[in-house]
Amino acid sequence: MGKIFYLMGKSASGKDTIYKRLLKECPGLCPTLLYTTRPMRDGERQGVEYYFITEGELEGFERRGKVIERRNYLTAVGLWSYATVDDGKMGRGMDDYLSIGTLESYEKMKRYFGEIVLPVYIMVETGIRLERALMRERQQRKPNYVEMCRRFLADEEDFSEENLMRLGVCEMFENENLDRCVENIKSLILRERF
């Protein structure tokens, strides 16, 4: 049976960049795209970073029993939801997948699929994360610093040491140097895949 490598970390830890690099550099690793009701950011594309859908469309998936996990965030500009939807492939065949999300979503995926879900936790020093988050937000057409701060503070609680330990997340990858971090994660993936 294939594995699901579950990439997670606090906001501005480099998850999206690492996710894209791993998909490019690990042949045969299949992407898992989340569905979200949040607005598309500048530079994002439908079906590449996420599937951008309406709340009604997400509720339709829930009625059909297709939602594995869903996270709702009351943001400074309204309710945003992120969800993993069961497409009938992931976790059933021999393919290996790369997924991305929060610690809470990891817990739900682990409950749904069991031991084939393996945590990959990205760490970055708090000050560096704050600088990255601010730089990213400044690049938006309409920067939303209040939402950036809300996300930043929420991550401190969500990814507490207690929560990480409770869920058995013990392999952590420092993203001080992107190339080194990606190589270390690739080594883990190779070990687990073969």
# chains A, B, ... in the order shown; residues from 1 in each chain; ligands from 1
$ residues_around --residues "Glu171 of chain A" --least-positions-apart "3" --cutoff "9 Å" --atoms "only C-alpha atoms" --output "PDB file with N, CA and C atoms, in the first residue's frame"
ATOM      1  N   PRO A 119       4.023  11.926   9.201  1.00  0.00           N
ATOM      2  CA  PRO A 119       4.191  13.368   9.396  1.00  0.00           C
ATOM      3  C   PRO A 119       5.556  13.879   8.931  1.00  0.00           C
ATOM      4  N   VAL A 120       5.543  15.059   8.313  1.00  0.00           N
ATOM      5  CA  VAL A 120       6.759  15.759   7.916  1.00  0.00           C
ATOM      6  C   VAL A 120       6.577  17.188   8.429  1.00  0.00           C
ATOM      7  N   TYR A 121       7.218  17.510   9.548  1.00  0.00           N
ATOM      8  CA  TYR A 121       7.022  18.798  10.206  1.00  0.00           C
ATOM      9  C   TYR A 121       8.174  19.753   9.885  1.00  0.00           C
ATOM     10  N   GLY A 168       2.496  12.171  18.079  1.00  0.00           N
ATOM     11  CA  GLY A 168       3.656  11.384  17.668  1.00  0.00           C
ATOM     12  C   GLY A 168       4.466  12.010  16.547  1.00  0.00           C
TER      13      GLY A 168
END
$ closest_atom_pairs --of "segment 78-164 of chain A" --to "segment 55-72 of chain A" --cutoff "12 Å" --atoms "only C-alpha atoms" --output "Markdown table"
| residue | atom | partner | partner_atom | distance |
| --- | --- | --- | --- | --- |
| A:Gly78 | CA | A:Asn72 | CA | 10.3 |
| A:Leu79 | CA | A:Asn72 | CA | 6.7 |
| A:Trp80 | CA | A:Asn72 | CA | 5.8 |
| A:Ser81 | CA | A:Asn72 | CA | 4.4 |
| A:Tyr82 | CA | A:Arg71 | CA | 5.2 |
| A:Ala83 | CA | A:Arg70 | CA | 4.2 |
| A:Thr84 | CA | A:Glu69 | CA | 5.5 |
| A:Val85 | CA | A:Val67 | CA | 4.5 |
| A:Asp86 | CA | A:Lys66 | CA | 5.1 |
| A:Asp87 | CA | A:Lys66 | CA | 7.5 |
| A:Gly88 | CA | A:Lys66 | CA | 9.0 |
| A:Met90 | CA | A:Ile68 | CA | 11.2 |
| A:Gly91 | CA | A:Ile68 | CA | 11.8 |
| A:Gly101 | CA | A:Arg71 | CA | 9.6 |
| A:Thr102 | CA | A:Arg71 | CA | 8.9 |
| A:Leu103 | CA | A:Arg71 | CA | 10.8 |
| A:Glu104 | CA | A:Arg71 | CA | 8.2 |
| A:Ser105 | CA | A:Glu69 | CA | 6.2 |
| A:Tyr106 | CA | A:Glu69 | CA | 8.9 |
| A:Glu107 | CA | A:Glu69 | CA | 9.2 |
| A:Lys108 | CA | A:Glu69 | CA | 6.0 |
| A:Met109 | CA | A:Ile68 | CA | 6.9 |
| A:Lys110 | CA | A:Ile68 | CA | 10.2 |
| A:Arg111 | CA | A:Ile68 | CA | 9.5 |
| A:Tyr112 | CA | A:Ile68 | CA | 7.0 |
| A:Phe113 | CA | A:Ile68 | CA | 9.5 |
$ residues_around --residues "Thr126 of chain A" --least-positions-apart "5" --cutoff "12 Å" --atoms "only C-alpha atoms" --output "ChimeraX atom specification"
/A:9-13,131-133,152-153,155-156,174-176
$ write_last_selection --atoms "N, CA, C and O atoms" --output "compact mmCIF listing (two decimals), in the first residue's frame"
# COMPACT_ATOMS: atom_id res chain seq x y z
N GLY A 9 3.45 22.65 9.10
CA GLY A 9 4.29 23.59 9.82
C GLY A 9 3.52 24.89 9.98
O GLY A 9 2.47 25.09 9.38
N LYS A 10 4.06 25.76 10.79
CA LYS A 10 3.42 27.04 11.03
C LYS A 10 3.44 27.88 9.75
O LYS A 10 4.21 27.60 8.83
N SER A 11 2.59 28.92 9.71
CA SER A 11 2.55 29.78 8.53
C SER A 11 3.93 30.41 8.30
O SER A 11 4.67 30.68 9.25
N ALA A 12 4.27 30.59 7.03
CA ALA A 12 5.54 31.17 6.60
C ALA A 12 6.75 30.30 6.95
O ALA A 12 7.86 30.79 7.08
N SER A 13 6.53 28.99 7.10
CA SER A 13 7.64 28.07 7.36
C SER A 13 8.23 27.53 6.07
O SER A 13 9.24 26.84 6.09
N GLU A 131 9.25 37.64 9.58
CA GLU A 131 9.78 38.42 8.45
C GLU A 131 9.24 37.90 7.13
O GLU A 131 8.84 38.69 6.27
N ARG A 132 9.23 36.58 6.96
CA ARG A 132 8.72 35.97 5.72
C ARG A 132 7.24 36.29 5.52
O ARG A 132 6.81 36.60 4.41
N ALA A 133 6.47 36.18 6.60
CA ALA A 133 5.03 36.43 6.50
C ALA A 133 4.77 37.88 6.11
O ALA A 133 3.91 38.16 5.26
N PHE A 152 -0.57 33.87 12.43
CA PHE A 152 0.71 33.70 13.09
C PHE A 152 0.53 33.31 14.56
O PHE A 152 1.14 32.37 15.05
N LEU A 153 -0.35 34.00 15.26
CA LEU A 153 -0.59 33.72 16.67
C LEU A 153 -1.32 32.39 16.87
O LEU A 153 -1.02 31.64 17.80
N ASP A 155 -1.06 29.75 15.08
CA ASP A 155 -0.12 28.66 14.88
C ASP A 155 0.70 28.34 16.13
O ASP A 155 1.07 27.19 16.35
N GLU A 156 0.98 29.34 16.93
CA GLU A 156 1.74 29.11 18.15
C GLU A 156 1.01 28.14 19.08
O GLU A 156 1.61 27.27 19.69
N GLU A 174 14.33 21.37 9.98
CA GLU A 174 14.62 22.79 10.10
C GLU A 174 14.76 23.39 8.70
O GLU A 174 15.54 22.89 7.89
N ASN A 175 14.02 24.45 8.43
CA ASN A 175 14.08 25.11 7.13
C ASN A 175 14.86 26.42 7.24
O ASN A 175 14.36 27.48 6.89
N GLU A 176 16.07 26.33 7.72
CA GLU A 176 16.96 27.48 7.75
C GLU A 176 17.63 27.62 6.39
O GLU A 176 17.86 28.71 5.89
$ atom_distance --atom1 "atom CA of Pro143 of chain A" --atom2 "atom CA of Leu74 of chain A"
17.5 Å
$ atom_distance --atom1 "atom CA of Cys181 of chain A" --atom2 "atom CA of Ile18 of chain A"
8.3 Å
$ closest_residue --among "A:Leu178, A:Met172, A:Met1, A:Leu134" --to "Arg21 of chain A" --atoms "only C-alpha atoms"
A:Leu178
$ closest_residue --among "A:Arg41, A:Thr36, A:Ile4, A:Lys20" --to "Gln140 of chain A" --atoms "only C-alpha atoms"
A:Arg41
$ residues_around --residues "Pro27 of chain A" --least-positions-apart "6" --cutoff "12 Å" --atoms "only C-alpha atoms" --output "list in words"
Arg21, Asp95, Asp96, Tyr97, Leu98, Lys186, Ile189, Leu190 and Arg193 of chain A
$ atom_distance --atom1 "atom CA of Cys26 of chain A" --atom2 "atom CA of Glu115 of chain A"
21.2 Å
$ select_by_dssp --residues "segment 8-189 of chain A" --states "alpha helix (DSSP H)" --output "PyMOL selection string"
chain A and resi 15-25+55-63+103-113+126-138+145-158+161-166+178-189
$ closest_residue --among "A:Phe52, A:Leu23, A:Arg191, A:Lys3" --to "Tyr35 of chain A" --atoms "only C-alpha atoms"
A:Phe52
$ closest_residue --among "A:Arg141, A:Val182, A:Cys30, A:Cys149" --to "Arg129 of chain A" --atoms "only C-alpha atoms"
A:Cys149
$ closest_residue --among "A:Ile128, A:Leu188, A:Ala76, A:Met165" --to "Arg151 of chain A" --atoms "only C-alpha atoms"
A:Ala76
$ closest_residue --among "A:Val169, A:Leu130, A:Met148, A:Ile53" --to "Met40 of chain A" --atoms "only C-alpha atoms"
A:Ile53
$ select_by_dssp --residues "segment 74-168 of chain A" --states "strand (DSSP E or B)" --output "PyMOL selection string"
chain A and resi 74-75+78-85+96-101+117-123
